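Everything on this sheet refers to the single structure shown next.
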Amino acid sequence: MLLDFARLGPWRVALSLIALLVGAYLLLPILLIVALSFGSSQWLQFPPPGWTLRWYEDLFDDPEWIASFLTSFKIAAVVTVLSVGIGLMASFGLTRGTFRGRQALRALFLTPMILPVVVLAVALYAFFLRLHLNGTFLGFVLAHLVIALPFSIIAISNALERFDRDIETAAIVCGASPLEAKIRVTLPGIRLGLISAAIFSFLASWDEVVIAIFMASPDLQTLPVRIYGTLRQDLSPVIAAVSTLLIALTAALMAAAALLRKDDRS
Amino acid sequence: MTVTDVPMAPQSPAARRGGRGFAPVLPALALVVLVFVIPVLALLLRSVLEPAPGLQNYATFFGSTTYLKVLGNTFLVAFTVTVVTVLLGFPVAWFLAIAPSFWSRLLFAIVILSMWTNLLARTYAWMVLLQRTGVINRTLMNLGLISEPLPLINNLVGVTIGMTYIMLPFMILPLHATIRSIDPAIFQAASLCGASRFQAFTRVMLPLTASGIAAGALMVFVMSLGYFITPALLGGTANMMLAELIAQLVQSLLDWGLAGAAALVLLVITLAIYMVQLRFFGFGQARG
């Protein structure tokens with residue numbers, strides 16, 4: 001009755017209406033940004049009086065925007081590699097180790113994900129002041145790595161737990177060394193976990209803004225820091241152009257993830 | 001002999017004591033201790049050490065109407081956002097679980113797209129929509145519903161609208177999983193026993209989804225408490241939330257002691273709520 005759409009009766013109308021309104025609430029702001037990024041009104045008039053690519057030209061002509069884009073990309077790339085590497089090792093330890101306190105250790109590794117990020121931001125800012133790491137590439141990488149690692153550990157541990165260990169043992173019986181078996185049998189077996197660890201680690205760093213606001217120097221700013229700084233002054237349509245590019249990136253990653261899932265099923 | 005009986009590499013002394021496999025965890029442990037545990041503990045320590053040892057920072061925090069008002073704002077916004085996301089999220093999760101596959105897939109894609117879209121991009125959208133000359137005010141004025149633009153931004157109204165937008169997916173996804181796990185036969189049974197739709201809803205559906213609702217609500221509430229970016233951009237200076245206060249104490253006032261105290265208050269509330277969550281619902285379900 002209540003779980004059969006056709007037999008919901010009058011409730012079907014109410015449910016569909018709310019779903020429609022919430023769908024619009026979630027989707028329209030995103031479409032609005034895309035529209036405004038091509039609109040000719042500097043004051044973000046909607047509907048736009050005309051169409052233009054001016055904001056994209058402004059964006060790509062500005063070396064500072066390009067620099068912050070590259071900075072973000074480099075940091076996120078290094079963080080992704082380290083996060084997957086360290087996360088893979090930690091996941092092996094957590095899922096296969098027999099030492100005591102594994103549950104507590106796992107909880108500790110996941111804590112940075114659930115604590116309010118502003119607390120970590122302020123704490124790291126103070127700590128890095130003493131170590132002279134604020135505004136440095138290394139500082140950004142370390143800070144974002146702490147944020148990204150929980151995503152890696154969750155994705156890879158889940159994959160490892162699902163992986164049938166007897167296959168690895170079988171490879172060893174057939175003459176592979178334990179390390180060889182891990183690299184040639186286990187890693188391909190958990191590749192989906194590794195890929196999602198990489199995607200989430202990249203996004204965790206790429207989208208991170210609170211810690212970056214505190215740590216950034218005028219010389220080294222990530223893309224989100226630059227967007228945030230601009231937004232505090234005015235609602236320039238250039239931000240609509242940047243946002244549209246970020247939305248396109250999201251949509252592409254979503255499509256990739258969907259394809260991966262389909263690939264996995266077949 | 002089964003494969004698991006094959007003798008493996010010789011065991012180290014540690015293995016015989018039952019402590020195998022600790023080494024691979026070390027890099028992660030070093031990172032988390034150095035870049036997370038030590039800095040956070042150091043910040044919290046400053047709350048009782050600066051400017052002089054003692055609890056005066058906590059006395060200042062809880063003795064000042066300004067700071068208590070910030071705490072009040074924080075709870076008010078987090079509570080409102082939680083209630084609204086439950087009220088909107090439940091029907092949407094229900095729809096997603098049972099609607100014809102084209103419509104549920106479409107809506108699901110919208111929810112995921114919105115959740116994954118850069119936070120600043122989404123906040124920017126709401127700054128544009130809510131401003132004095134924004135689309136919402138202009139539309140309402142053109143319709144003749146209002147004569148003056150409504151103050152929708154730089155206050156708690158704006159913060160609540162923007163935060164609700166950001167938190168909705170975190171309510172919809174776990175609720176969707178909960179509703180999908182219900183066996184439809186239960187409602188056939190309820191129907192056979194003569195229950196009306198309303199009775200089936202209140203006596204069967206709500207009790208079966210209560211734990212999912214509670215888990216989603218706790219998560220949204222606790223995430224809202226510590227939120228920084230959206231309140232900083234959509235809120236006003238007159239009505240701050242706790243995360244903004246912590247940032248301001250550090251950035252503008254350089255009052256590390258008081259910032260540490262405010263951070264501890266936020267941490268204690270957050271951890272207390274997570275403890276409730278872990279105790280009653282487990283960690284996995286909370287993440288949806």
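Each chain of the structure tokens is named A, B, ... in the order shown, its residues numbered from 1; ligands are numbered from 1 in display order.
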
*Up to 6 Å from chain B, what residues of chain A turn up? Count only C-alpha atoms and give them as a PyMOL selection string.*
chain A and resi 1+3+5+15+19+29+86+89-90+93+97-99+116+119+123-124+127+243+247+250

Please save C-alpha atoms of the selected residues as a tab-separated table (two decimals), in the first residue's frame.
chain	number	residue	atom	x	y	z
A	1	MET	CA	0.00	0.00	0.00
A	3	LEU	CA	5.32	1.29	-0.75
A	5	PHE	CA	3.33	3.97	-6.01
A	15	LEU	CA	4.30	13.02	-2.65
A	19	ALA	CA	9.33	15.73	-4.84
A	29	PRO	CA	20.18	27.39	-8.26
A	86	ILE	CA	48.91	5.70	3.05
A	89	MET	CA	48.68	0.50	3.90
A	90	ALA	CA	46.52	1.54	6.83
A	93	GLY	CA	46.71	-3.07	8.80
A	97	GLY	CA	46.20	-7.00	11.36
A	98	THR	CA	45.64	-8.84	14.60
A	99	PHE	CA	47.02	-6.20	16.98
A	116	PRO	CA	33.94	20.65	12.71
A	119	VAL	CA	38.40	23.72	14.78
A	123	ALA	CA	44.40	24.54	15.35
A	124	LEU	CA	46.52	23.89	12.26
A	127	PHE	CA	50.57	24.91	14.81
A	243	SER	CA	31.31	27.90	-10.67
A	247	ILE	CA	29.76	22.15	-11.92
A	250	THR	CA	31.24	17.49	-10.92

_Long-range neighbours of Ala212 in chain A as a PyMOL selection string, 9 Å cut-off, only C-alpha atoms, 5 positions minimum in chain_ = chain A and resi 121+135+140+143-144+221-222+224-225

DSSP alpha helix (DSSP H) selection over range 67-214 of chain B, as a short mmCIF file (atom, residue, chain, number, x, y, z; two decimals) with N, CA and C atoms, in the first residue's frame:
data_model
loop_
_atom_site.label_atom_id
_atom_site.label_comp_id
_atom_site.auth_asym_id
_atom_site.auth_seq_id
_atom_site.Cartn_x
_atom_site.Cartn_y
_atom_site.Cartn_z
N TYR B 67 28.35 36.21 23.57
CA TYR B 67 28.76 34.87 23.20
C TYR B 67 27.62 33.88 23.39
N LEU B 68 26.81 34.09 24.43
CA LEU B 68 25.67 33.18 24.63
C LEU B 68 24.68 33.34 23.48
N LYS B 69 24.57 34.58 22.96
CA LYS B 69 23.67 34.79 21.83
C LYS B 69 24.19 34.04 20.60
N VAL B 70 25.51 34.04 20.42
CA VAL B 70 26.10 33.27 19.31
C VAL B 70 25.75 31.79 19.46
N LEU B 71 25.89 31.29 20.68
CA LEU B 71 25.55 29.89 20.94
C LEU B 71 24.07 29.63 20.65
N GLY B 72 23.22 30.58 21.08
CA GLY B 72 21.79 30.48 20.82
C GLY B 72 21.49 30.47 19.33
N ASN B 73 22.09 31.41 18.58
CA ASN B 73 21.92 31.44 17.12
C ASN B 73 22.29 30.10 16.50
N THR B 74 23.44 29.56 16.95
CA THR B 74 23.94 28.33 16.38
C THR B 74 22.92 27.20 16.56
N PHE B 75 22.42 27.07 17.80
CA PHE B 75 21.43 26.02 18.05
C PHE B 75 20.14 26.28 17.30
N LEU B 76 19.71 27.54 17.24
CA LEU B 76 18.46 27.87 16.55
C LEU B 76 18.54 27.49 15.07
N VAL B 77 19.63 27.90 14.42
CA VAL B 77 19.78 27.59 12.99
C VAL B 77 19.88 26.08 12.78
N ALA B 78 20.73 25.42 13.58
CA ALA B 78 20.92 23.98 13.42
C ALA B 78 19.59 23.24 13.62
N PHE B 79 18.81 23.68 14.62
CA PHE B 79 17.54 23.03 14.91
C PHE B 79 16.54 23.26 13.76
N THR B 80 16.42 24.50 13.31
CA THR B 80 15.49 24.79 12.21
C THR B 80 15.86 24.01 10.97
N VAL B 81 17.15 24.03 10.62
CA VAL B 81 17.60 23.32 9.43
C VAL B 81 17.27 21.83 9.56
N THR B 82 17.48 21.27 10.74
CA THR B 82 17.21 19.84 10.94
C THR B 82 15.73 19.54 10.74
N VAL B 83 14.86 20.35 11.36
CA VAL B 83 13.42 20.11 11.25
C VAL B 83 12.97 20.22 9.78
N VAL B 84 13.41 21.27 9.10
CA VAL B 84 12.98 21.45 7.71
C VAL B 84 13.51 20.33 6.82
N THR B 85 14.77 19.92 7.04
CA THR B 85 15.29 18.85 6.18
C THR B 85 14.56 17.53 6.44
N VAL B 86 14.12 17.28 7.68
CA VAL B 86 13.33 16.07 7.93
C VAL B 86 12.00 16.16 7.19
N LEU B 87 11.32 17.32 7.34
CA LEU B 87 9.99 17.46 6.74
C LEU B 87 10.04 17.38 5.22
N LEU B 88 11.09 17.95 4.61
CA LEU B 88 11.20 17.90 3.15
C LEU B 88 11.85 16.59 2.69
N GLY B 89 12.83 16.12 3.47
CA GLY B 89 13.61 14.97 3.05
C GLY B 89 12.82 13.67 3.10
N PHE B 90 11.94 13.53 4.08
CA PHE B 90 11.19 12.28 4.21
C PHE B 90 10.34 11.98 2.98
N PRO B 91 9.46 12.93 2.55
CA PRO B 91 8.66 12.63 1.35
C PRO B 91 9.52 12.39 0.12
N VAL B 92 10.64 13.12 0.02
CA VAL B 92 11.49 12.94 -1.16
C VAL B 92 12.13 11.55 -1.14
N ALA B 93 12.62 11.13 0.03
CA ALA B 93 13.22 9.80 0.15
C ALA B 93 12.18 8.72 -0.17
N TRP B 94 10.97 8.94 0.29
CA TRP B 94 9.86 8.02 0.04
C TRP B 94 9.58 7.93 -1.45
N PHE B 95 9.49 9.10 -2.09
CA PHE B 95 9.27 9.16 -3.53
C PHE B 95 10.37 8.40 -4.27
N LEU B 96 11.63 8.67 -3.88
CA LEU B 96 12.77 8.02 -4.54
C LEU B 96 12.69 6.50 -4.44
N ALA B 97 12.15 6.01 -3.30
CA ALA B 97 12.12 4.57 -3.08
C ALA B 97 11.05 3.86 -3.92
N ILE B 98 9.98 4.60 -4.28
CA ILE B 98 8.86 3.87 -4.91
C ILE B 98 8.41 4.42 -6.26
N SER B 101 10.79 4.24 -12.30
CA SER B 101 12.25 4.35 -12.26
C SER B 101 12.79 5.59 -12.98
N PHE B 102 12.13 6.04 -14.07
CA PHE B 102 12.64 7.24 -14.75
C PHE B 102 12.67 8.42 -13.79
N TRP B 103 11.55 8.66 -13.10
CA TRP B 103 11.46 9.83 -12.23
C TRP B 103 12.36 9.71 -11.01
N SER B 104 12.44 8.49 -10.44
CA SER B 104 13.29 8.38 -9.25
C SER B 104 14.76 8.52 -9.63
N ARG B 105 15.13 7.98 -10.81
CA ARG B 105 16.53 8.14 -11.23
C ARG B 105 16.88 9.59 -11.49
N LEU B 106 15.94 10.31 -12.13
CA LEU B 106 16.18 11.72 -12.42
C LEU B 106 16.37 12.51 -11.13
N LEU B 107 15.46 12.32 -10.19
CA LEU B 107 15.55 13.06 -8.92
C LEU B 107 16.81 12.66 -8.16
N PHE B 108 17.14 11.37 -8.21
CA PHE B 108 18.35 10.90 -7.53
C PHE B 108 19.58 11.60 -8.10
N ALA B 109 19.62 11.70 -9.43
CA ALA B 109 20.77 12.37 -10.07
C ALA B 109 20.84 13.83 -9.62
N ILE B 110 19.68 14.49 -9.50
CA ILE B 110 19.67 15.90 -9.06
C ILE B 110 20.21 16.01 -7.64
N VAL B 111 19.78 15.09 -6.76
CA VAL B 111 20.25 15.13 -5.37
C VAL B 111 21.76 14.96 -5.32
N ILE B 112 22.28 13.99 -6.08
CA ILE B 112 23.72 13.73 -6.06
C ILE B 112 24.48 14.91 -6.67
N LEU B 113 23.97 15.45 -7.78
CA LEU B 113 24.64 16.59 -8.42
C LEU B 113 24.73 17.75 -7.44
N SER B 114 23.61 18.01 -6.75
CA SER B 114 23.61 19.13 -5.81
C SER B 114 24.59 18.87 -4.67
N MET B 115 24.65 17.62 -4.20
CA MET B 115 25.54 17.32 -3.09
C MET B 115 27.01 17.46 -3.48
N TRP B 116 27.32 17.07 -4.71
CA TRP B 116 28.71 17.07 -5.14
C TRP B 116 29.17 18.42 -5.70
N LEU B 119 30.80 23.62 -2.82
CA LEU B 119 30.05 24.34 -1.79
C LEU B 119 29.99 25.84 -2.06
N LEU B 120 31.11 26.41 -2.52
CA LEU B 120 31.13 27.85 -2.77
C LEU B 120 30.23 28.21 -3.94
N ALA B 121 30.18 27.34 -4.95
CA ALA B 121 29.31 27.59 -6.10
C ALA B 121 27.85 27.64 -5.64
N ARG B 122 27.47 26.69 -4.75
CA ARG B 122 26.09 26.65 -4.28
C ARG B 122 25.78 27.86 -3.40
N THR B 123 26.74 28.24 -2.56
CA THR B 123 26.51 29.38 -1.70
C THR B 123 26.39 30.66 -2.53
N TYR B 124 27.24 30.74 -3.57
CA TYR B 124 27.17 31.88 -4.48
C TYR B 124 25.78 31.99 -5.11
N ALA B 125 25.23 30.84 -5.53
CA ALA B 125 23.89 30.85 -6.13
C ALA B 125 22.89 31.47 -5.16
N TRP B 126 22.98 31.10 -3.90
CA TRP B 126 22.01 31.65 -2.94
C TRP B 126 22.27 33.11 -2.62
N MET B 127 23.54 33.54 -2.69
CA MET B 127 23.81 34.98 -2.52
C MET B 127 23.15 35.77 -3.64
N VAL B 128 23.23 35.23 -4.86
CA VAL B 128 22.62 35.92 -6.00
C VAL B 128 21.09 35.90 -5.87
N LEU B 129 20.55 34.73 -5.48
CA LEU B 129 19.09 34.61 -5.41
C LEU B 129 18.48 35.48 -4.31
N LEU B 130 19.18 35.57 -3.18
CA LEU B 130 18.57 36.19 -2.00
C LEU B 130 18.85 37.68 -1.87
N VAL B 135 16.67 37.49 -7.76
CA VAL B 135 15.55 36.91 -8.51
C VAL B 135 14.31 36.77 -7.61
N ILE B 136 14.51 36.32 -6.37
CA ILE B 136 13.35 36.07 -5.51
C ILE B 136 12.62 37.36 -5.18
N ASN B 137 13.36 38.37 -4.72
CA ASN B 137 12.72 39.65 -4.39
C ASN B 137 12.06 40.29 -5.61
N ARG B 138 12.76 40.23 -6.75
CA ARG B 138 12.22 40.84 -7.96
C ARG B 138 10.92 40.17 -8.39
N THR B 139 10.93 38.81 -8.32
CA THR B 139 9.72 38.08 -8.72
C THR B 139 8.55 38.42 -7.81
N LEU B 140 8.82 38.42 -6.50
CA LEU B 140 7.75 38.72 -5.55
C LEU B 140 7.21 40.13 -5.77
N MET B 141 8.10 41.08 -6.08
CA MET B 141 7.66 42.46 -6.30
C MET B 141 6.87 42.59 -7.59
N ASN B 142 7.34 41.89 -8.64
CA ASN B 142 6.62 41.92 -9.91
C ASN B 142 5.22 41.32 -9.76
N LEU B 156 19.82 35.58 9.71
CA LEU B 156 19.68 34.13 9.95
C LEU B 156 18.73 33.47 8.96
N VAL B 157 17.83 34.26 8.36
CA VAL B 157 16.92 33.70 7.34
C VAL B 157 17.75 33.16 6.17
N GLY B 158 18.66 33.99 5.69
CA GLY B 158 19.52 33.58 4.58
C GLY B 158 20.35 32.35 4.95
N VAL B 159 20.93 32.38 6.16
CA VAL B 159 21.76 31.25 6.59
C VAL B 159 20.92 29.97 6.60
N THR B 160 19.69 30.07 7.14
CA THR B 160 18.84 28.88 7.25
C THR B 160 18.46 28.33 5.87
N ILE B 161 18.11 29.23 4.94
CA ILE B 161 17.75 28.77 3.59
C ILE B 161 18.94 28.09 2.92
N GLY B 162 20.10 28.73 2.99
CA GLY B 162 21.29 28.17 2.35
C GLY B 162 21.72 26.86 2.97
N MET B 163 21.68 26.78 4.31
CA MET B 163 22.11 25.55 4.99
C MET B 163 21.14 24.41 4.72
N THR B 164 19.84 24.72 4.67
CA THR B 164 18.85 23.68 4.37
C THR B 164 19.17 23.07 3.01
N TYR B 165 19.49 23.95 2.06
CA TYR B 165 19.83 23.50 0.71
C TYR B 165 21.01 22.53 0.75
N ILE B 166 22.02 22.89 1.55
CA ILE B 166 23.24 22.08 1.58
C ILE B 166 23.04 20.78 2.34
N MET B 167 22.21 20.80 3.38
CA MET B 167 22.03 19.61 4.22
C MET B 167 21.01 18.60 3.68
N LEU B 168 20.10 19.05 2.82
CA LEU B 168 19.03 18.15 2.35
C LEU B 168 19.54 16.79 1.84
N PRO B 169 20.56 16.76 0.97
CA PRO B 169 21.02 15.44 0.50
C PRO B 169 21.45 14.53 1.63
N PHE B 170 22.04 15.10 2.70
CA PHE B 170 22.51 14.26 3.81
C PHE B 170 21.34 13.67 4.59
N MET B 171 20.16 14.22 4.44
CA MET B 171 18.97 13.64 5.06
C MET B 171 18.31 12.66 4.10
N ILE B 172 18.25 13.05 2.82
CA ILE B 172 17.52 12.24 1.84
C ILE B 172 18.19 10.87 1.66
N LEU B 173 19.52 10.85 1.53
CA LEU B 173 20.19 9.58 1.20
C LEU B 173 20.03 8.51 2.28
N PRO B 174 20.32 8.81 3.57
CA PRO B 174 20.11 7.74 4.57
C PRO B 174 18.63 7.35 4.71
N LEU B 175 17.72 8.33 4.61
CA LEU B 175 16.30 8.00 4.73
C LEU B 175 15.86 7.09 3.57
N HIS B 176 16.38 7.39 2.40
CA HIS B 176 16.08 6.57 1.23
C HIS B 176 16.47 5.12 1.47
N ALA B 177 17.68 4.93 2.03
CA ALA B 177 18.15 3.58 2.32
C ALA B 177 17.23 2.90 3.34
N THR B 178 16.80 3.67 4.36
CA THR B 178 15.92 3.09 5.38
C THR B 178 14.59 2.66 4.78
N ILE B 179 13.99 3.55 3.97
CA ILE B 179 12.66 3.24 3.43
C ILE B 179 12.74 2.05 2.47
N ARG B 180 13.83 1.99 1.70
CA ARG B 180 13.97 0.88 0.75
C ARG B 180 14.11 -0.46 1.44
N ALA B 185 5.49 -6.20 2.09
CA ALA B 185 4.45 -7.11 2.58
C ALA B 185 3.86 -6.64 3.90
N ILE B 186 4.67 -5.88 4.67
CA ILE B 186 4.17 -5.37 5.95
C ILE B 186 2.94 -4.50 5.74
N PHE B 187 2.95 -3.73 4.63
CA PHE B 187 1.80 -2.84 4.40
C PHE B 187 0.60 -3.62 3.88
N GLN B 188 0.88 -4.73 3.15
CA GLN B 188 -0.24 -5.58 2.77
C GLN B 188 -0.90 -6.15 4.02
N ALA B 189 -0.06 -6.54 4.97
CA ALA B 189 -0.59 -7.07 6.22
C ALA B 189 -1.43 -6.00 6.93
N ALA B 190 -0.88 -4.77 6.98
CA ALA B 190 -1.60 -3.68 7.64
C ALA B 190 -2.94 -3.44 6.95
N SER B 191 -2.91 -3.51 5.61
CA SER B 191 -4.13 -3.28 4.84
C SER B 191 -5.16 -4.39 5.11
N LEU B 192 -4.68 -5.64 5.14
CA LEU B 192 -5.58 -6.76 5.42
C LEU B 192 -6.21 -6.64 6.80
N ARG B 197 -4.75 4.25 5.17
CA ARG B 197 -3.42 4.71 4.79
C ARG B 197 -2.78 5.49 5.93
N PHE B 198 -3.59 6.35 6.55
CA PHE B 198 -3.06 7.21 7.62
C PHE B 198 -2.58 6.35 8.79
N GLN B 199 -3.39 5.34 9.14
CA GLN B 199 -2.98 4.45 10.24
C GLN B 199 -1.73 3.68 9.88
N ALA B 200 -1.68 3.20 8.62
CA ALA B 200 -0.49 2.47 8.19
C ALA B 200 0.75 3.36 8.26
N LEU B 206 6.14 5.14 10.17
CA LEU B 206 6.95 6.00 11.04
C LEU B 206 7.78 5.20 12.04
N PRO B 207 7.19 4.22 12.75
CA PRO B 207 8.04 3.44 13.66
C PRO B 207 9.18 2.73 12.95
N LEU B 208 8.92 2.24 11.73
CA LEU B 208 9.97 1.50 11.02
C LEU B 208 11.08 2.42 10.52
N THR B 209 10.76 3.69 10.32
CA THR B 209 11.78 4.61 9.80
C THR B 209 12.35 5.51 10.88
N ALA B 210 11.84 5.36 12.12
CA ALA B 210 12.25 6.29 13.19
C ALA B 210 13.76 6.33 13.38
N SER B 211 14.40 5.15 13.35
CA SER B 211 15.85 5.16 13.60
C SER B 211 16.58 5.86 12.46
N GLY B 212 16.09 5.69 11.23
CA GLY B 212 16.71 6.39 10.09
C GLY B 212 16.53 7.89 10.20
N ILE B 213 15.33 8.31 10.60
CA ILE B 213 15.07 9.74 10.77
C ILE B 213 15.99 10.31 11.85
N ALA B 214 16.08 9.59 12.97
CA ALA B 214 16.90 10.08 14.08
C ALA B 214 18.37 10.16 13.66
#

*Which of these, B:Leu150, B:Leu218, B:Met241, B:Ala59, has the shortest distance to Val118 in chain A once you count only C-alpha atoms?*
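Closest residue, counting only C-alpha atoms: B:Met241.
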
Find the residues near range 190-199 of chain A: any atom within 7 Å, counting only C-alpha atoms, skip ones fewer than 6 places away on the same chain, and give them as a tab-separated table (two decimals) with N, CA and C atoms, in the first residue's frame.
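For reference, around-v3.tsv as written:
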chain	number	residue	atom	x	y	z
A	80	THR	N	46.05	13.18	-3.44
A	80	THR	CA	45.39	11.95	-3.90
A	80	THR	C	46.36	10.77	-3.86
A	84	VAL	N	45.85	7.75	-1.13
A	84	VAL	CA	45.57	6.37	-1.55
A	84	VAL	C	46.69	5.45	-1.05
A	151	PHE	N	38.46	9.25	3.83
A	151	PHE	CA	37.72	8.78	2.65
A	151	PHE	C	38.43	7.58	2.03
A	152	SER	N	39.77	7.65	1.95
A	152	SER	CA	40.55	6.53	1.42
A	152	SER	C	40.38	5.30	2.28
A	155	ALA	N	36.89	3.71	1.84
A	155	ALA	CA	36.69	3.07	0.54
A	155	ALA	C	37.54	1.80	0.41
A	156	ILE	N	38.82	1.89	0.81
A	156	ILE	CA	39.71	0.75	0.60
A	156	ILE	C	39.44	-0.36	1.61
A	159	ALA	N	36.51	-2.33	0.43
A	159	ALA	CA	36.85	-3.20	-0.69
A	159	ALA	C	37.64	-4.41	-0.20
A	160	LEU	N	38.57	-4.17	0.72
A	160	LEU	CA	39.39	-5.28	1.23
A	160	LEU	C	38.56	-6.29	1.99
A	163	PHE	N	36.84	-8.45	-0.44
A	163	PHE	CA	37.72	-9.26	-1.29
A	163	PHE	C	37.95	-10.63	-0.65

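Note that the spacing between CA of Ser217 in chain A and CA of Ala77 in chain A amounts to 20.2 Å.
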
*Pick out the closest residue to Leu45 in chain B from this set: B:Gln248, B:Thr230, B:Asn57, B:Ser181. Count only C-alpha atoms.*
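Ranking B:Gln248, B:Thr230, B:Asn57, B:Ser181 by distance to Leu45 in chain B, first place goes to B:Asn57.
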
*Interatomic distance between CA of Phe92 in chain A and CA of Ile153 in chain A?*
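That distance, rounded to one decimal, is 9.5 Å.
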
*What does the distance between CA of Ile33 in chain A and CA of Thr244 in chain A come to in Å, to one decimal place?*
6.6 Å

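Distance annotation: of A:Ala216, A:Leu260, A:Val238, A:Ala107, the residue with the minimal separation from Thr52 in chain A is A:Val238; atom set is only C-alpha atoms.
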